[in-house]
Amino acid sequence: MEVLVCIKRVPLSGGRFVLTDDSTEIDTKRLGFTVSPHEETAVEVAVRLIEAHGGSSTVLTLGVPESEEQMREAMAIGIDRGILLETDGAEWDGQATAAAIADAVRADGTAFDLILFGNESADAAGSQVGVRVAHLLGRPVLTGLKGLSVADGRLRGERPIAGGREVFEVPLPAVASVKDGVAIPRYPSVPGRIRAKKKPIERSTPARPPSRLEKVSFTLPAETGKRATVLGNGPEAADAVVDVFRKIGAI
Amino acid sequence: MILVLADHDRGELSELSLQAVEQGRQLAQTSGVPLHALVVGTGGSAAAASLGAYGVATVHLAVHDGLTDYAPAASARAAAELVARLAPLAVVGVGDQRGNEVLAHLGAITELPVAADCTSVVLGDPTAVVRARWGGNLAEHALLHAPVALVSVVPHAVRAGVPGNGVAAVEEFTPELADADLLVHVVDRTAEVGGGISLTEAKVIVSGGRGVGSAEGFGMLEELAGLLGGAIGASRVVTSAGWRPQAEQVGQTGTKVSPDLYIACGISGASQHLAGMASSKTIIVINNDADAPIMSHADYAVIGDLHKILPAVIEATRAALA
């Protein structure tokens with residue numbers, strides 16, 4: 001089968017964010033880059049599907065030229081080739097991103113049986129690109145999957161609901177977005193990393209349409225000003241903890 | 001008018017739906033227009049009738065032979081039909097998995113932009129929104145350039161309204177659906193193995209991070225959770241290490257929770273984790289680092305070795321319950 005997985009380069013954030021002086025971007029001068037855990041999972045799923053069913057896998061990114069770094073990471077664990085839609089770093093909204101991806105899929109010509117996404121990107125989290133791509137390509141789409149399998153030309157997906165899981169099933173070709181935890185991503189091997197350097201990446205530069213969801217600025221959430229009341233140090237504080245349990249009605 | 005997409009699960013309105021209704025009611029009031037709601041499926045008729053109490057004037061109940069359970073594309077097609085017929089100022093959905101999924105379909109069908117996970121919406125031309133990014137660790141101020149504003153409300157940004165004695169007119173309609181719209185629907189449901197209390201419903205969550213040290217270390221957390229009738233949560237480090245099942249991960253890419261009581265054991269408070277639990281009503285931290293980031297989000301803390309503190313807390317709790 002042919003699998004396409006779409007990923008997005010995002011800053012590697014640990015704790016608090018620092019904004020640029022004009023508050024329109026995250027200051028990334030001291031930050032590394034990665035992809036969302038959902039997308040790491042999507043890449044692992046793509047590799048496993050090809051291992052199980054044969055065929056080939058492709059990774060696609062819309063982003064700055066440096067996004068090659070994240071594509072090579074995906075290639076190091078087994079993705080075969082890449083499609084890089086280069087941007088100047090300005091933000092693309094969900095609608096524009098989906099249109100560019102659908103155009104790229106059509107232009108590429110490969111009959112992808114499955115197009116995988118993360119459920120939402122770590123940064124913009126618009127929760128829509130996969131669904132929009134599915135509509136543009138006229139395919140069914142399952143989102144937010146926590147479990148996924150392919151058999152007999154059908155995609156079966158599961159996601160949690162209160163008290164259990166709901167199950168969906170659609171025929172291929174299809175689109176699916178997955179969440180962290182479907183498959184634990186493997187670590188790349190050294191030979192894998194060496195092979196990744198030689199895998200082909202096709203580059204193009206789509207034009208960005210005007211944003212219809214236009215980012216104006218960022219603000220950091222107000223400091224809570226909160227500081228935990230220290231009930232005590234060590235096991236001696238146990239009774240004070242139980243007093244809190246009582247106060248809020250937990251016991 | 002303002003149209004709210006009220007999600008129900010086999011007839012039961014979710015708490016988050018009521019929050020979206022309240023956001024819709026506030027927008028309708030500010031704009032001086034009526035509030036309508038869409039409820040999909042015959043199973044939703046009881047839910048539809050109950051919406052009047054929350055300020056909804058008219059409920060559109062989409063009824064179709066193919067709509068027997070949740071079907072996102074079909075729900076969006078029904079919503080698109082109302083958007084075309086009634087030209088609402090805004091469509092408000094729930095900012096959870098289902099709500100955002102239906103809105104994304106609606107955006108695709110109507111070719112309109114969607115602002116997901118909003119904490120604030122001011123309708124206008126353009127509409128100004130504030131959205132939660134990075135799991136709420138960053139707020140994005142954005143403009144939505146569209147004749148109809150499609151927005152979802154981030155969970156717990158507004159409280160559900162207090163029910164009054166309003167009565168909604170319920171208007172049934174049969175949306176025009178193609179086979180492709182009905183292709184994606186729930187085909188099966190499986191019950192949670194173990195049958196424990198689910199994270200999203202738990203009133204108490206006892207959660208563990210790297211500081212718990214091992215899978216075995218969670219035994220103490222389970223004991224305390226058992227005493228308090230709570231569920232177990234975990235940080236991403238813990239589920240990635242395989243100490244706990246992935247389903248228990250609380251955080252930006254895990255489950256987002258807001259229990260009455262969240263007890264964070266050995267969790268430093270990376271933004272990934274805070275995004276999933278910061279809206280808990282009361283947070284107690286047990287940690288050996290008095291300067292951990294989680295301290296500025298917590299209400300109470302005990303500083304020290306959790307392997308010594310937890311057994312003492314368990315014992316004191318047991319004594320209090322006896």
# chains A, B, ... in the order shown; residues from 1 in each chain; ligands from 1

call {"tool": "select_by_dssp", "arguments": {"residues": "segment 63-251 of chain A", "states": "helix (DSSP H, G or I)", "output": "tab-separated table (two decimals) with N, CA, C and O atoms, in the first residue's frame"}}
result
chain	number	residue	atom	x	y	z
A	65	PRO	N	12.21	25.84	4.92
A	65	PRO	CA	13.14	24.84	4.36
A	65	PRO	C	13.80	23.97	5.43
A	65	PRO	O	14.06	22.79	5.20
A	66	GLU	N	14.00	24.55	6.64
A	66	GLU	CA	14.64	23.78	7.72
A	66	GLU	C	13.78	22.62	8.18
A	66	GLU	O	14.24	21.75	8.94
A	67	SER	N	12.52	22.56	7.74
A	67	SER	CA	11.66	21.42	8.11
A	67	SER	C	12.24	20.11	7.60
A	67	SER	O	11.81	19.03	8.02
A	68	GLU	N	13.20	20.22	6.70
A	68	GLU	CA	13.90	19.01	6.24
A	68	GLU	C	14.40	18.18	7.42
A	68	GLU	O	14.39	16.95	7.37
A	69	GLU	N	14.82	18.88	8.48
A	69	GLU	CA	15.32	18.19	9.68
A	69	GLU	C	14.27	17.19	10.22
A	69	GLU	O	14.60	16.04	10.53
A	70	GLN	N	13.02	17.63	10.31
A	70	GLN	CA	11.97	16.74	10.84
A	70	GLN	C	11.63	15.64	9.83
A	70	GLN	O	11.29	14.52	10.21
A	71	MET	N	11.73	15.96	8.52
A	71	MET	CA	11.46	14.93	7.51
A	71	MET	C	12.53	13.85	7.56
A	71	MET	O	12.24	12.66	7.44
A	72	ARG	N	13.79	14.26	7.76
A	72	ARG	CA	14.89	13.27	7.84
A	72	ARG	C	14.71	12.37	9.08
A	72	ARG	O	15.06	11.20	9.05
A	73	GLU	N	14.20	12.95	10.16
A	73	GLU	CA	13.93	12.14	11.35
A	73	GLU	C	12.93	11.03	11.01
A	73	GLU	O	13.09	9.89	11.43
A	74	ALA	N	11.88	11.42	10.25
A	74	ALA	CA	10.87	10.43	9.87
A	74	ALA	C	11.47	9.39	8.94
A	74	ALA	O	11.18	8.19	9.04
A	75	MET	N	12.36	9.84	8.05
A	75	MET	CA	13.01	8.92	7.12
A	75	MET	C	13.94	7.96	7.86
A	75	MET	O	14.12	6.81	7.46
A	76	ALA	N	14.53	8.45	8.95
A	76	ALA	CA	15.48	7.63	9.71
A	76	ALA	C	14.80	6.42	10.35
A	76	ALA	O	15.44	5.41	10.62
A	94	GLY	N	-5.65	26.90	8.46
A	94	GLY	CA	-6.00	25.50	8.19
A	94	GLY	C	-6.52	25.29	6.77
A	94	GLY	O	-6.22	24.29	6.12
A	95	GLN	N	-7.31	26.26	6.31
A	95	GLN	CA	-7.89	26.15	4.98
A	95	GLN	C	-6.80	26.18	3.90
A	95	GLN	O	-6.80	25.37	2.98
A	96	ALA	N	-5.88	27.14	4.04
A	96	ALA	CA	-4.80	27.29	3.06
A	96	ALA	C	-3.87	26.08	3.10
A	96	ALA	O	-3.43	25.58	2.05
A	97	THR	N	-3.58	25.60	4.30
A	97	THR	CA	-2.70	24.44	4.46
A	97	THR	C	-3.31	23.22	3.76
A	97	THR	O	-2.64	22.51	3.01
A	98	ALA	N	-4.61	23.00	4.01
A	98	ALA	CA	-5.27	21.84	3.42
A	98	ALA	C	-5.28	21.93	1.90
A	98	ALA	O	-5.05	20.93	1.20
A	99	ALA	N	-5.53	23.12	1.38
A	99	ALA	CA	-5.57	23.29	-0.08
A	99	ALA	C	-4.20	22.97	-0.68
A	99	ALA	O	-4.10	22.29	-1.71
A	100	ALA	N	-3.13	23.44	-0.02
A	100	ALA	CA	-1.78	23.20	-0.53
A	100	ALA	C	-1.44	21.71	-0.50
A	100	ALA	O	-0.83	21.17	-1.43
A	101	ILE	N	-1.87	21.03	0.57
A	101	ILE	CA	-1.59	19.59	0.68
A	101	ILE	C	-2.37	18.82	-0.39
A	101	ILE	O	-1.81	17.94	-1.07
A	102	ALA	N	-3.64	19.15	-0.56
A	102	ALA	CA	-4.45	18.45	-1.57
A	102	ALA	C	-3.87	18.67	-2.97
A	102	ALA	O	-3.78	17.74	-3.77
A	103	ASP	N	-3.45	19.90	-3.25
A	103	ASP	CA	-2.81	20.19	-4.55
A	103	ASP	C	-1.56	19.34	-4.73
A	103	ASP	O	-1.30	18.80	-5.81
A	104	ALA	N	-0.76	19.26	-3.66
A	104	ALA	CA	0.50	18.50	-3.74
A	104	ALA	C	0.23	17.02	-3.97
A	104	ALA	O	0.96	16.36	-4.71
A	105	VAL	N	-0.81	16.49	-3.33
A	105	VAL	CA	-1.16	15.08	-3.50
A	105	VAL	C	-1.57	14.82	-4.96
A	105	VAL	O	-1.13	13.86	-5.59
A	106	ARG	N	-2.38	15.72	-5.50
A	106	ARG	CA	-2.80	15.57	-6.90
A	106	ARG	C	-1.60	15.67	-7.83
A	106	ARG	O	-1.45	14.87	-8.75
A	107	ALA	N	-0.73	16.64	-7.57
A	107	ALA	CA	0.42	16.84	-8.45
A	107	ALA	C	1.37	15.66	-8.38
A	107	ALA	O	1.97	15.28	-9.38
A	108	ASP	N	1.49	15.07	-7.19
A	108	ASP	CA	2.42	13.95	-7.02
A	108	ASP	C	1.95	12.75	-7.82
A	108	ASP	O	2.76	11.99	-8.36
A	129	VAL	N	-7.13	20.32	9.41
A	129	VAL	CA	-6.46	20.14	8.13
A	129	VAL	C	-6.78	18.78	7.51
A	129	VAL	O	-7.11	18.68	6.34
A	130	GLY	N	-6.72	17.71	8.32
A	130	GLY	CA	-7.00	16.38	7.79
A	130	GLY	C	-8.39	16.27	7.20
A	130	GLY	O	-8.59	15.72	6.11
A	131	VAL	N	-9.37	16.80	7.91
A	131	VAL	CA	-10.76	16.74	7.45
A	131	VAL	C	-10.92	17.53	6.15
A	131	VAL	O	-11.56	17.08	5.20
A	132	ARG	N	-10.31	18.70	6.11
A	132	ARG	CA	-10.42	19.52	4.88
A	132	ARG	C	-9.76	18.83	3.69
A	132	ARG	O	-10.29	18.85	2.58
A	133	VAL	N	-8.60	18.21	3.92
A	133	VAL	CA	-7.93	17.49	2.83
A	133	VAL	C	-8.83	16.36	2.33
A	133	VAL	O	-8.97	16.14	1.12
A	134	ALA	N	-9.47	15.65	3.26
A	134	ALA	CA	-10.35	14.55	2.88
A	134	ALA	C	-11.48	15.06	1.97
A	134	ALA	O	-11.81	14.43	0.96
A	135	HIS	N	-12.08	16.19	2.34
A	135	HIS	CA	-13.16	16.74	1.51
A	135	HIS	C	-12.63	17.14	0.14
A	135	HIS	O	-13.28	16.89	-0.88
A	136	LEU	N	-11.45	17.76	0.10
A	136	LEU	CA	-10.90	18.22	-1.19
A	136	LEU	C	-10.60	17.03	-2.10
A	136	LEU	O	-10.67	17.14	-3.32
A	137	LEU	N	-10.25	15.89	-1.49
A	137	LEU	CA	-9.90	14.72	-2.30
A	137	LEU	C	-11.07	13.74	-2.42
A	137	LEU	O	-10.94	12.68	-3.04
A	190	VAL	N	21.51	4.11	13.87
A	190	VAL	CA	22.56	4.85	13.16
A	190	VAL	C	22.50	4.56	11.65
A	190	VAL	O	22.49	5.49	10.84
A	191	PRO	N	22.42	3.27	11.22
A	191	PRO	CA	22.27	3.03	9.77
A	191	PRO	C	21.02	3.71	9.20
A	191	PRO	O	21.04	4.21	8.09
A	192	GLY	N	19.95	3.74	10.01
A	192	GLY	CA	18.72	4.41	9.58
A	192	GLY	C	18.95	5.88	9.30
A	192	GLY	O	18.48	6.43	8.30
A	193	ARG	N	19.71	6.51	10.19
A	193	ARG	CA	20.02	7.93	10.00
A	193	ARG	C	20.88	8.16	8.76
A	193	ARG	O	20.70	9.14	8.04
A	194	ILE	N	21.81	7.24	8.51
A	194	ILE	CA	22.68	7.39	7.34
A	194	ILE	C	21.86	7.22	6.06
A	194	ILE	O	21.96	8.01	5.13
A	195	ARG	N	21.00	6.20	6.06
A	195	ARG	CA	20.14	5.98	4.88
A	195	ARG	C	19.23	7.18	4.63
A	195	ARG	O	18.99	7.57	3.50
A	196	ALA	N	18.74	7.78	5.73
A	196	ALA	CA	17.78	8.88	5.61
A	196	ALA	C	18.36	10.05	4.82
A	196	ALA	O	17.66	10.73	4.08
A	197	LYS	N	19.69	10.26	4.98
A	197	LYS	CA	20.33	11.40	4.32
A	197	LYS	C	20.24	11.31	2.81
A	197	LYS	O	20.32	12.31	2.11
A	198	LYS	N	20.13	10.08	2.29
A	198	LYS	CA	20.16	9.89	0.84
A	198	LYS	C	18.76	9.79	0.24
A	198	LYS	O	18.62	9.68	-0.98
A	234	GLY	N	7.32	16.42	54.44
A	234	GLY	CA	7.38	15.01	54.80
A	234	GLY	C	6.08	14.45	55.34
A	234	GLY	O	5.03	15.11	55.32
A	235	PRO	N	6.13	13.19	55.84
A	235	PRO	CA	4.93	12.45	56.25
A	235	PRO	C	4.13	13.16	57.35
A	235	PRO	O	2.92	12.92	57.49
A	236	GLU	N	4.76	14.06	58.11
A	236	GLU	CA	4.05	14.74	59.21
A	236	GLU	C	2.88	15.57	58.68
A	236	GLU	O	1.97	15.93	59.42
A	237	ALA	N	2.92	15.89	57.37
A	237	ALA	CA	1.88	16.74	56.81
A	237	ALA	C	0.61	15.97	56.44
A	237	ALA	O	-0.37	16.55	55.98
A	238	ALA	N	0.63	14.64	56.66
A	238	ALA	CA	-0.49	13.80	56.21
A	238	ALA	C	-1.83	14.26	56.77
A	238	ALA	O	-2.83	14.31	56.05
A	239	ASP	N	-1.86	14.64	58.06
A	239	ASP	CA	-3.14	15.05	58.66
A	239	ASP	C	-3.66	16.33	58.02
A	239	ASP	O	-4.86	16.49	57.83
A	240	ALA	N	-2.73	17.23	57.67
A	240	ALA	CA	-3.13	18.48	57.02
A	240	ALA	C	-3.73	18.19	55.64
A	240	ALA	O	-4.67	18.87	55.20
A	241	VAL	N	-3.20	17.16	54.96
A	241	VAL	CA	-3.74	16.77	53.64
A	241	VAL	C	-5.17	16.25	53.83
A	241	VAL	O	-6.08	16.63	53.08
A	242	VAL	N	-5.36	15.44	54.84
A	242	VAL	CA	-6.69	14.88	55.09
A	242	VAL	C	-7.67	16.01	55.46
A	242	VAL	O	-8.84	15.97	55.08
A	243	ASP	N	-7.18	17.04	56.16
A	243	ASP	CA	-8.04	18.19	56.46
A	243	ASP	C	-8.53	18.85	55.17
A	243	ASP	O	-9.69	19.26	55.08
A	244	VAL	N	-7.63	18.92	54.17
A	244	VAL	CA	-8.04	19.49	52.87
A	244	VAL	C	-9.08	18.58	52.22
A	244	VAL	O	-10.09	19.07	51.71
A	245	PHE	N	-8.85	17.28	52.26
A	245	PHE	CA	-9.82	16.32	51.70
A	245	PHE	C	-11.20	16.59	52.31
A	245	PHE	O	-12.20	16.61	51.62
A	246	ARG	N	-11.21	16.82	53.62
A	246	ARG	CA	-12.48	17.02	54.33
A	246	ARG	C	-13.10	18.35	53.91
A	246	ARG	O	-14.29	18.43	53.63
A	247	LYS	N	-12.26	19.37	53.87
A	247	LYS	CA	-12.73	20.74	53.56
A	247	LYS	C	-13.42	20.79	52.20
A	247	LYS	O	-14.44	21.46	52.04

call {"tool": "residues_around", "arguments": {"residues": "segment 49-64 of chain A", "least_positions_apart": "2", "cutoff": "7 Å", "atoms": "only C-alpha atoms", "output": "JSON, numbers by chain"}}
result
{"A": [1, 2, 3, 4, 5, 6, 7, 8, 9, 45, 46, 47, 66, 67, 71, 79, 80, 81, 82, 83, 84, 85, 86, 87, 88, 89]}

call {"tool": "write_last_selection", "arguments": {"atoms": "N, CA, C and O atoms", "output": "compact mmCIF listing (two decimals), in the first residue's frame"}}
result
# COMPACT_ATOMS: atom_id res chain seq x y z
N MET A 1 0.83 -1.20 0.00
CA MET A 1 0.00 0.00 0.00
C MET A 1 0.86 1.25 0.00
O MET A 1 2.04 1.20 0.32
N GLU A 2 0.24 2.37 -0.36
CA GLU A 2 0.96 3.65 -0.36
C GLU A 2 0.41 4.51 0.78
O GLU A 2 -0.80 4.74 0.88
N VAL A 3 1.31 4.96 1.64
CA VAL A 3 0.88 5.78 2.79
C VAL A 3 1.60 7.12 2.76
O VAL A 3 2.81 7.19 2.54
N LEU A 4 0.83 8.18 2.95
CA LEU A 4 1.40 9.52 3.08
C LEU A 4 1.17 9.99 4.51
O LEU A 4 0.07 9.82 5.05
N VAL A 5 2.21 10.55 5.13
CA VAL A 5 2.03 11.08 6.49
C VAL A 5 2.45 12.54 6.50
O VAL A 5 3.50 12.91 5.97
N CYS A 6 1.58 13.39 7.04
CA CYS A 6 1.82 14.84 7.04
C CYS A 6 2.26 15.28 8.43
O CYS A 6 1.61 14.96 9.43
N ILE A 7 3.37 16.01 8.48
CA ILE A 7 3.91 16.46 9.78
C ILE A 7 4.18 17.96 9.72
O ILE A 7 4.20 18.56 8.65
N LYS A 8 4.42 18.55 10.89
CA LYS A 8 4.68 19.99 10.97
C LYS A 8 5.80 20.27 11.97
O LYS A 8 5.77 19.78 13.10
N ARG A 9 6.75 21.07 11.53
CA ARG A 9 7.86 21.47 12.40
C ARG A 9 7.36 22.51 13.41
O ARG A 9 6.78 23.52 13.03
N VAL A 45 3.07 4.82 12.77
CA VAL A 45 1.96 4.03 12.21
C VAL A 45 2.21 3.79 10.72
O VAL A 45 2.03 2.67 10.22
N ALA A 46 2.64 4.83 10.01
CA ALA A 46 2.91 4.69 8.57
C ALA A 46 3.97 3.63 8.32
O ALA A 46 3.81 2.75 7.46
N VAL A 47 5.04 3.69 9.11
CA VAL A 47 6.14 2.72 8.93
C VAL A 47 5.65 1.30 9.21
O VAL A 47 5.95 0.35 8.47
N GLU A 66 14.00 24.55 6.64
CA GLU A 66 14.64 23.78 7.72
C GLU A 66 13.78 22.62 8.18
O GLU A 66 14.24 21.75 8.94
N SER A 67 12.52 22.56 7.74
CA SER A 67 11.66 21.42 8.11
C SER A 67 12.24 20.11 7.60
O SER A 67 11.81 19.03 8.02
N MET A 71 11.73 15.96 8.52
CA MET A 71 11.46 14.93 7.51
C MET A 71 12.53 13.85 7.56
O MET A 71 12.24 12.66 7.44
N ILE A 79 10.52 6.02 6.71
CA ILE A 79 9.76 6.66 5.62
C ILE A 79 10.68 6.75 4.39
O ILE A 79 11.87 7.04 4.51
N ASP A 80 10.11 6.49 3.19
CA ASP A 80 10.94 6.34 1.99
C ASP A 80 11.31 7.65 1.30
O ASP A 80 12.40 7.77 0.75
N ARG A 81 10.39 8.60 1.25
CA ARG A 81 10.71 9.82 0.51
C ARG A 81 9.90 10.99 1.06
O ARG A 81 9.01 10.79 1.90
N GLY A 82 10.21 12.20 0.58
CA GLY A 82 9.56 13.38 1.15
C GLY A 82 9.05 14.35 0.11
O GLY A 82 9.55 14.41 -1.02
N ILE A 83 8.02 15.10 0.51
CA ILE A 83 7.51 16.21 -0.29
C ILE A 83 7.53 17.43 0.63
O ILE A 83 6.84 17.43 1.67
N LEU A 84 8.35 18.43 0.29
CA LEU A 84 8.47 19.61 1.14
C LEU A 84 7.89 20.82 0.43
O LEU A 84 8.38 21.23 -0.62
N LEU A 85 6.81 21.34 1.00
CA LEU A 85 6.18 22.54 0.46
C LEU A 85 6.75 23.72 1.24
O LEU A 85 6.39 23.95 2.40
N GLU A 86 7.67 24.43 0.60
CA GLU A 86 8.44 25.44 1.34
C GLU A 86 7.67 26.75 1.51
O GLU A 86 7.04 27.24 0.59
N THR A 87 7.78 27.30 2.73
CA THR A 87 7.17 28.60 3.02
C THR A 87 8.25 29.52 3.56
O THR A 87 9.36 29.08 3.88
N ASP A 88 7.88 30.80 3.72
CA ASP A 88 8.85 31.77 4.26
C ASP A 88 8.72 31.90 5.77
O ASP A 88 9.30 32.78 6.38
N GLY A 89 7.90 31.04 6.37
CA GLY A 89 7.76 31.07 7.82
C GLY A 89 6.49 31.76 8.27
O GLY A 89 6.08 31.64 9.42

call {"tool": "interface_residues", "arguments": {"of": "chain A", "to": "chain B", "cutoff": "6 Å", "atoms": "only C-alpha atoms", "output": "PyMOL selection string"}}
result
chain A and resi 15+122-124+126+128+132+163-168+181+212-220+226-235+238+242

call {"tool": "write_last_selection", "arguments": {"atoms": "N, CA, C and O atoms", "output": "CSV table (one decimal), in the first residue's frame"}}
result
chain,number,residue,atom,x,y,z
A,15,GLY,N,8.9,24.5,29.2
A,15,GLY,CA,8.1,25.2,30.2
A,15,GLY,C,7.4,26.4,29.6
A,15,GLY,O,6.6,26.3,28.7
A,122,ALA,N,0.8,20.7,17.4
A,122,ALA,CA,1.2,21.1,18.7
A,122,ALA,C,1.0,22.6,18.9
A,122,ALA,O,0.6,23.1,19.9
A,123,ASP,N,1.2,23.4,17.8
A,123,ASP,CA,1.2,24.9,18.0
A,123,ASP,C,-0.1,25.5,17.6
A,123,ASP,O,-0.7,26.1,18.4
A,124,ALA,N,-0.6,25.4,16.4
A,124,ALA,CA,-1.8,26.1,16.0
A,124,ALA,C,-3.0,25.3,16.4
A,124,ALA,O,-4.0,26.0,16.8
A,126,GLY,N,-5.5,23.8,15.0
A,126,GLY,CA,-6.8,24.1,14.4
A,126,GLY,C,-7.7,23.0,14.2
A,126,GLY,O,-8.9,23.2,14.0
A,128,GLN,N,-8.3,20.7,12.0
A,128,GLN,CA,-9.2,20.7,10.8
A,128,GLN,C,-8.5,20.3,9.5
A,128,GLN,O,-9.1,20.0,8.5
A,132,ARG,N,-10.3,18.7,6.1
A,132,ARG,CA,-10.4,19.5,4.9
A,132,ARG,C,-9.8,18.8,3.7
A,132,ARG,O,-10.3,18.9,2.6
A,163,GLY,N,-16.4,5.8,29.3
A,163,GLY,CA,-16.7,4.4,29.6
A,163,GLY,C,-16.3,3.4,28.5
A,163,GLY,O,-16.6,2.2,28.7
A,164,GLY,N,-15.6,3.8,27.5
A,164,GLY,CA,-15.3,2.8,26.5
A,164,GLY,C,-14.7,3.4,25.2
A,164,GLY,O,-14.0,4.5,25.3
A,165,ARG,N,-14.9,2.7,24.1
A,165,ARG,CA,-14.4,3.2,22.8
A,165,ARG,C,-15.4,3.1,21.8
A,165,ARG,O,-16.3,2.3,21.8
A,166,GLU,N,-15.4,4.1,20.8
A,166,GLU,CA,-16.3,4.0,19.7
A,166,GLU,C,-15.5,3.6,18.5
A,166,GLU,O,-14.3,3.9,18.4
A,167,VAL,N,-16.1,2.8,17.6
A,167,VAL,CA,-15.3,2.2,16.5
A,167,VAL,C,-15.9,2.6,15.2
A,167,VAL,O,-17.2,2.7,15.0
A,168,PHE,N,-15.1,3.0,14.3
A,168,PHE,CA,-15.5,3.4,12.9
A,168,PHE,C,-14.8,2.5,11.9
A,168,PHE,O,-13.7,2.0,12.2
A,181,GLY,N,0.1,7.8,21.3
A,181,GLY,CA,-0.1,6.5,22.1
A,181,GLY,C,-0.6,5.4,21.2
A,181,GLY,O,-0.7,4.2,21.7
A,212,ARG,N,-7.7,33.6,6.2
A,212,ARG,CA,-9.1,34.0,6.6
A,212,ARG,C,-9.3,33.8,8.1
A,212,ARG,O,-10.2,34.3,8.7
A,213,LEU,N,-8.4,33.0,8.7
A,213,LEU,CA,-8.2,33.0,10.2
A,213,LEU,C,-6.8,33.7,10.4
A,213,LEU,O,-5.8,33.0,10.2
A,214,GLU,N,-6.8,34.9,10.7
A,214,GLU,CA,-5.6,35.7,10.7
A,214,GLU,C,-5.0,35.9,12.1
A,214,GLU,O,-5.7,36.6,12.9
A,215,LYS,N,-3.9,35.4,12.3
A,215,LYS,CA,-3.2,35.6,13.6
A,215,LYS,C,-2.8,37.0,13.8
A,215,LYS,O,-2.2,37.6,12.9
A,216,VAL,N,-3.1,37.7,14.9
A,216,VAL,CA,-2.7,39.1,15.1
A,216,VAL,C,-1.6,39.1,16.1
A,216,VAL,O,-0.6,39.7,15.9
A,217,SER,N,-1.8,38.4,17.2
A,217,SER,CA,-0.7,38.4,18.2
A,217,SER,C,-0.9,37.3,19.2
A,217,SER,O,-1.9,36.6,19.2
A,218,PHE,N,0.1,37.1,20.0
A,218,PHE,CA,0.1,36.1,21.1
A,218,PHE,C,0.1,36.8,22.4
A,218,PHE,O,0.7,37.9,22.6
A,219,THR,N,-0.6,36.3,23.4
A,219,THR,CA,-0.3,36.7,24.8
A,219,THR,C,-0.1,35.5,25.6
A,219,THR,O,-0.6,34.4,25.4
A,220,LEU,N,0.7,35.6,26.7
A,220,LEU,CA,0.9,34.6,27.6
A,220,LEU,C,-0.2,34.6,28.6
A,220,LEU,O,-0.7,35.7,28.9
A,226,LYS,N,-0.7,32.5,41.6
A,226,LYS,CA,-1.0,31.4,42.6
A,226,LYS,C,0.3,30.9,43.1
A,226,LYS,O,1.3,30.8,42.4
A,227,ARG,N,0.3,30.5,44.4
A,227,ARG,CA,1.4,29.9,44.9
A,227,ARG,C,0.9,28.9,45.9
A,227,ARG,O,0.1,29.2,46.8
A,228,ALA,N,1.2,27.6,45.8
A,228,ALA,CA,0.7,26.6,46.6
A,228,ALA,C,0.9,26.9,48.1
A,228,ALA,O,2.1,27.3,48.4
A,229,THR,N,-0.1,26.7,48.9
A,229,THR,CA,0.1,26.8,50.3
A,229,THR,C,0.8,25.5,50.8
A,229,THR,O,0.3,24.4,50.5
A,230,VAL,N,2.0,25.6,51.4
A,230,VAL,CA,2.7,24.4,51.8
A,230,VAL,C,2.1,23.9,53.1
A,230,VAL,O,2.1,24.6,54.1
A,231,LEU,N,1.6,22.7,53.0
A,231,LEU,CA,1.0,22.1,54.2
A,231,LEU,C,2.0,21.5,55.2
A,231,LEU,O,1.7,21.3,56.3
A,232,GLY,N,3.2,21.3,54.7
A,232,GLY,CA,4.2,20.8,55.6
A,232,GLY,C,5.3,20.0,54.8
A,232,GLY,O,5.2,19.9,53.6
A,233,ASN,N,6.3,19.6,55.5
A,233,ASN,CA,7.3,18.8,54.9
A,233,ASN,C,7.3,17.3,55.4
A,233,ASN,O,7.2,17.1,56.6
A,234,GLY,N,7.3,16.4,54.4
A,234,GLY,CA,7.4,15.0,54.8
A,234,GLY,C,6.1,14.4,55.3
A,234,GLY,O,5.0,15.1,55.3
A,235,PRO,N,6.1,13.2,55.8
A,235,PRO,CA,4.9,12.5,56.3
A,235,PRO,C,4.1,13.2,57.4
A,235,PRO,O,2.9,12.9,57.5
A,238,ALA,N,0.6,14.6,56.7
A,238,ALA,CA,-0.5,13.8,56.2
A,238,ALA,C,-1.8,14.3,56.8
A,238,ALA,O,-2.8,14.3,56.0
A,242,VAL,N,-5.4,15.4,54.8
A,242,VAL,CA,-6.7,14.9,55.1
A,242,VAL,C,-7.7,16.0,55.5
A,242,VAL,O,-8.8,16.0,55.1

call {"tool": "residues_around", "arguments": {"residues": "segment 222-226 of chain B", "least_positions_apart": "5", "cutoff": "7 Å", "atoms": "only C-alpha atoms", "output": "compact mmCIF listing (two decimals) with N, CA, C and O atoms, in the first residue's frame"}}
result
# COMPACT_ATOMS: atom_id res chain seq x y z
N ILE B 205 -8.60 12.66 40.94
CA ILE B 205 -7.57 11.98 40.17
C ILE B 205 -6.27 12.02 40.97
O ILE B 205 -5.84 13.09 41.42
N VAL B 206 -5.68 10.84 41.16
CA VAL B 206 -4.37 10.75 41.79
C VAL B 206 -3.40 10.46 40.66
O VAL B 206 -3.49 9.43 39.99
N ALA B 231 -9.63 8.11 40.12
CA ALA B 231 -8.95 7.42 39.02
C ALA B 231 -7.46 7.76 39.06
O ALA B 231 -7.05 8.71 39.71
N ILE B 232 -6.69 6.96 38.33
CA ILE B 232 -5.24 7.19 38.23
C ILE B 232 -4.94 7.99 36.96
O ILE B 232 -5.47 7.72 35.89
N ILE B 314 -2.23 7.88 53.10
CA ILE B 314 -3.16 6.75 52.97
C ILE B 314 -3.65 6.32 54.36
O ILE B 314 -4.85 6.12 54.59
